[in-house]
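Structure first, commentary second.
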Amino acid sequence: MTQKRETYPVVVAGVRRDLPLFEVKPGLRIAVLNILGDVELTEAAAAALAERLKDQDFDVLVTAEAKSIPLAHALARRLNKPYVVLRKTYKPYMGEALQAETLSITTGKPQTLYLDEKDRPLIQGKKVALVDDVISTGSTLQGMRMVVEKAGGQVVTQAAIFTEGERAKWADIIALGHLPLFFDEEAKEG
């Protein structure tokens with residue numbers, strides 16, 4: 001029998017969830033938001049973010065695979081904008097893909113983001129809104145920005161359901177909330 005995992009309660013656009021805490025490196029735990037399959041939370045977050053993004057001047061939404069794809073889709077529907085998903089694995093059908101490397105806090109390993117050749121015209125010469133579920137270290141955001149710039153696009157706004165960590169670092173992000181980092185007492189003292 002598995003031990004009950006500690007959680008952190010959040011409310012997103014009136015929808016409550018208890019986010020499980022997972023250790024991502026010794027002494028540091030994060031509250032993990034996983035909207036995959038959570039239609040109620042995804043739709044509520046998309047409605048609230050769409051309201052905050054509706055007056056922003058952009059042409060296309062860009063997100064990274066995989067957990068934020070349903071959010072980008074729901075936002076695109078509400079805002080009547082196209083969206084592009086940057087993939088984390090290159091497939092031969094992607095042709096001459098553009099790429100940038102990133103380091104995600106949830107994997108702890110370098111990852112490469114790829115822009116499919118077919119999606120380049122959606123970004124080239126366009127104003128782009130970057131979208132993610134949670135922005136923590138900013139490395140995925142930076143990787144997305146690098147790919148957009150390589151494709152000839154301009155990032156004009158950034159949005160997420162949550163920011164995480166140093167709140168002041170994310171003052172320019174349109175977000176619905178902020179998640180703290182959870183440090184073990186021994187890690188604080190060491």
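Numbering starts fresh at 1 for the residues of each chain in the structure tokens, the chains themselves are lettered A, B, ... in the order given, and ligands are numbered from 1 as they appear.
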Just the residues within 12 Å of Pro82 (chain A), please, counting only C-alpha atoms, with nothing from its chain fewer than 2 positions along; format it as a compact mmCIF listing (two decimals) with N, CA and C atoms, in the first residue's frame.
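Listed below is the output, part34.txt:
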```txt
# COMPACT_ATOMS: atom_id res chain seq x y z
N PHE A 58 -1.49 39.94 -30.28
CA PHE A 58 -0.65 38.85 -30.76
C PHE A 58 -1.40 38.06 -31.83
N ASP A 59 -0.62 37.28 -32.61
CA ASP A 59 -1.18 36.54 -33.73
C ASP A 59 -1.32 35.05 -33.47
N VAL A 60 -0.45 34.49 -32.66
CA VAL A 60 -0.40 33.04 -32.49
C VAL A 60 0.06 32.69 -31.07
N LEU A 61 -0.48 31.60 -30.55
CA LEU A 61 -0.06 31.06 -29.25
C LEU A 61 0.99 29.98 -29.50
N VAL A 62 2.02 29.92 -28.66
CA VAL A 62 3.04 28.88 -28.75
C VAL A 62 3.22 28.26 -27.39
N THR A 63 3.24 26.93 -27.35
CA THR A 63 3.46 26.21 -26.10
C THR A 63 4.43 25.06 -26.34
N ALA A 72 -3.37 25.41 -24.29
CA ALA A 72 -3.18 26.17 -25.53
C ALA A 72 -4.36 25.96 -26.47
N HIS A 73 -4.84 24.75 -26.57
CA HIS A 73 -5.98 24.45 -27.44
C HIS A 73 -7.23 25.21 -26.98
N ALA A 74 -7.52 25.14 -25.69
CA ALA A 74 -8.70 25.82 -25.15
C ALA A 74 -8.58 27.34 -25.30
N LEU A 75 -7.38 27.88 -25.10
CA LEU A 75 -7.17 29.32 -25.29
C LEU A 75 -7.35 29.70 -26.76
N ALA A 76 -6.80 28.91 -27.65
CA ALA A 76 -6.90 29.19 -29.08
C ALA A 76 -8.37 29.23 -29.52
N ARG A 77 -9.14 28.29 -29.03
CA ARG A 77 -10.58 28.26 -29.34
C ARG A 77 -11.26 29.53 -28.86
N ARG A 78 -10.99 29.92 -27.62
CA ARG A 78 -11.65 31.09 -27.05
C ARG A 78 -11.21 32.40 -27.71
N LEU A 79 -9.93 32.49 -28.06
CA LEU A 79 -9.38 33.73 -28.61
C LEU A 79 -9.39 33.76 -30.13
N ASN A 80 -9.82 32.65 -30.75
CA ASN A 80 -9.85 32.53 -32.20
C ASN A 80 -8.49 32.81 -32.82
N VAL A 84 0.69 26.73 -31.84
CA VAL A 84 1.78 25.87 -32.27
C VAL A 84 2.33 25.16 -31.05
N VAL A 85 2.59 23.87 -31.19
CA VAL A 85 3.19 23.08 -30.12
C VAL A 85 4.63 22.78 -30.49
N ASP A 119 4.99 24.43 -39.26
CA ASP A 119 4.50 25.50 -38.39
C ASP A 119 5.29 26.80 -38.50
N PRO A 121 5.62 29.01 -40.91
CA PRO A 121 4.88 30.17 -41.43
C PRO A 121 3.91 30.78 -40.42
N LEU A 122 3.46 29.99 -39.44
CA LEU A 122 2.55 30.52 -38.42
C LEU A 122 3.27 31.48 -37.47
N ILE A 123 4.60 31.37 -37.41
CA ILE A 123 5.39 32.18 -36.47
C ILE A 123 6.18 33.28 -37.18
N LYS A 126 5.40 37.09 -37.11
CA LYS A 126 4.19 37.21 -36.29
C LYS A 126 4.53 37.59 -34.84
N LYS A 127 3.50 38.16 -34.17
CA LYS A 127 3.58 38.45 -32.74
C LYS A 127 3.09 37.21 -32.00
N VAL A 128 3.88 36.77 -31.02
CA VAL A 128 3.64 35.49 -30.36
C VAL A 128 3.35 35.65 -28.88
N ALA A 129 2.38 34.86 -28.41
CA ALA A 129 2.11 34.74 -26.97
C ALA A 129 2.59 33.36 -26.54
```
Please report, as number ranges by chain, each residue of region 49-133 of chain A to which DSSP assigns alpha helix (DSSP H) when run on this structure's backbone.
A: 49-53, 69-79, 120-123
Resulting file, chosen residues, C-alpha atoms, as a PDB file, in the first residue's frame:
```pdb
ATOM      1  CA  LEU A  49      -6.508  33.463 -19.029  1.00  0.00           C
ATOM      2  CA  ALA A  50      -8.432  34.290 -22.210  1.00  0.00           C
ATOM      3  CA  GLU A  51     -10.093  37.168 -20.368  1.00  0.00           C
ATOM      4  CA  ARG A  52      -6.652  38.478 -19.372  1.00  0.00           C
ATOM      5  CA  LEU A  53      -5.178  37.949 -22.867  1.00  0.00           C
ATOM      6  CA  ILE A  69      -1.247  21.464 -24.863  1.00  0.00           C
ATOM      7  CA  PRO A  70      -4.878  21.275 -23.649  1.00  0.00           C
ATOM      8  CA  LEU A  71      -4.544  24.801 -22.225  1.00  0.00           C
ATOM      9  CA  ALA A  72      -3.177  26.172 -25.528  1.00  0.00           C
ATOM     10  CA  HIS A  73      -5.975  24.448 -27.437  1.00  0.00           C
ATOM     11  CA  ALA A  74      -8.704  25.822 -25.150  1.00  0.00           C
ATOM     12  CA  LEU A  75      -7.168  29.320 -25.293  1.00  0.00           C
ATOM     13  CA  ALA A  76      -6.901  29.191 -29.081  1.00  0.00           C
ATOM     14  CA  ARG A  77     -10.576  28.262 -29.343  1.00  0.00           C
ATOM     15  CA  ARG A  78     -11.652  31.093 -27.050  1.00  0.00           C
ATOM     16  CA  LEU A  79      -9.380  33.726 -28.608  1.00  0.00           C
ATOM     17  CA  ARG A 120       7.222  27.992 -39.306  1.00  0.00           C
ATOM     18  CA  PRO A 121       4.884  30.169 -41.431  1.00  0.00           C
ATOM     19  CA  LEU A 122       2.551  30.516 -38.421  1.00  0.00           C
ATOM     20  CA  ILE A 123       5.391  32.182 -36.469  1.00  0.00           C
TER      21      ILE A 123
END
```
Using DSSP secondary structure from the backbone, list all strand (DSSP E or B) positions within chain A, as a compact mmCIF listing (two decimals) with C-alpha atoms, in the first residue's frame.
```txt
# COMPACT_ATOMS: atom_id res chain seq x y z
CA THR A 7 -0.56 18.03 -1.09
CA TYR A 8 -0.84 21.78 -1.54
CA PRO A 9 -4.36 23.21 -2.07
CA VAL A 10 -4.98 25.70 -4.89
CA VAL A 11 -8.00 27.39 -6.41
CA VAL A 12 -7.88 28.27 -10.11
CA VAL A 15 -11.87 25.24 -9.22
CA ARG A 16 -10.10 23.66 -6.24
CA ARG A 17 -7.36 21.07 -6.59
CA ASP A 18 -4.93 19.50 -4.13
CA LEU A 19 -1.59 19.39 -5.93
CA PRO A 20 0.71 16.53 -4.94
CA LEU A 21 4.18 17.48 -3.68
CA PHE A 22 7.11 15.76 -5.42
CA GLU A 23 10.82 16.00 -4.66
CA VAL A 24 12.66 17.29 -7.74
CA LYS A 25 16.08 17.44 -6.09
CA LEU A 28 13.28 20.64 -2.68
CA ARG A 29 9.69 19.68 -3.43
CA ILE A 30 7.26 21.31 -5.83
CA ALA A 31 3.48 21.20 -6.12
CA VAL A 60 -0.40 33.04 -32.49
CA LEU A 61 -0.06 31.06 -29.25
CA VAL A 62 3.04 28.88 -28.75
CA THR A 63 3.46 26.21 -26.10
CA ALA A 64 5.82 23.32 -25.35
CA TYR A 83 -1.52 27.65 -31.78
CA VAL A 84 1.78 25.87 -32.27
CA VAL A 85 3.19 23.08 -30.12
CA LEU A 86 6.97 22.86 -29.82
CA ARG A 87 7.80 19.16 -29.65
CA LEU A 98 14.23 24.60 -35.75
CA GLN A 99 15.41 23.72 -32.25
CA ALA A 100 16.58 25.06 -28.89
CA GLU A 101 17.71 23.31 -25.70
CA THR A 102 16.06 23.78 -22.31
CA LEU A 103 16.27 22.30 -18.80
CA PRO A 110 18.29 18.90 -20.80
CA GLN A 111 15.48 18.78 -23.35
CA THR A 112 15.32 20.04 -26.89
CA LEU A 113 12.30 21.91 -28.25
CA TYR A 114 11.57 21.48 -31.97
CA LEU A 115 9.46 23.64 -34.26
CA LYS A 127 3.58 38.45 -32.74
CA VAL A 128 3.64 35.49 -30.36
CA ALA A 129 2.11 34.74 -26.97
CA LEU A 130 4.01 32.03 -25.07
CA VAL A 131 1.80 29.79 -22.92
CA ASP A 132 2.75 27.24 -20.27
CA ASP A 133 1.01 25.51 -17.39
CA VAL A 134 3.62 26.44 -14.76
CA ILE A 135 6.64 28.72 -15.14
CA GLN A 154 8.50 38.20 -31.84
CA VAL A 155 7.39 37.24 -28.33
CA VAL A 156 5.06 39.98 -27.12
CA THR A 157 3.39 38.35 -24.11
CA GLN A 158 3.73 35.33 -21.82
CA ALA A 159 1.04 33.54 -19.83
CA ALA A 160 0.68 30.60 -17.46
CA ILE A 161 -1.75 29.13 -15.00
CA PHE A 162 0.90 29.47 -12.27
CA THR A 163 4.31 30.95 -11.73
CA GLU A 164 6.51 29.27 -9.15
CA ILE A 174 0.16 36.96 -17.05
CA ALA A 175 -0.68 34.27 -14.47
CA LEU A 176 -3.67 33.13 -12.46
CA GLY A 177 -1.66 32.30 -9.35
CA HIS A 178 1.71 31.60 -7.78
CA LEU A 179 3.10 28.39 -6.25
CA PHE A 182 8.85 23.59 -0.53
CA PHE A 183 12.25 23.24 1.13
```
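Put simply, CA of Leu33 (chain A) is 17.8 Å away from CA of Trp170 (chain A).
Of the listed residues A:Gly27, A:Gly143, A:Gly153, A:Gly165, the one whose atoms come nearest to Lys88 (chain A) is A:Gly143, with distances taken using only C-alpha atoms.
Going from CA of Pro92 (chain A) over to CA of Gly138 (chain A), you cover 28.6 Å.
Note that CA of Glu166 (chain A) and CA of Thr42 (chain A) are 24.4 Å apart.
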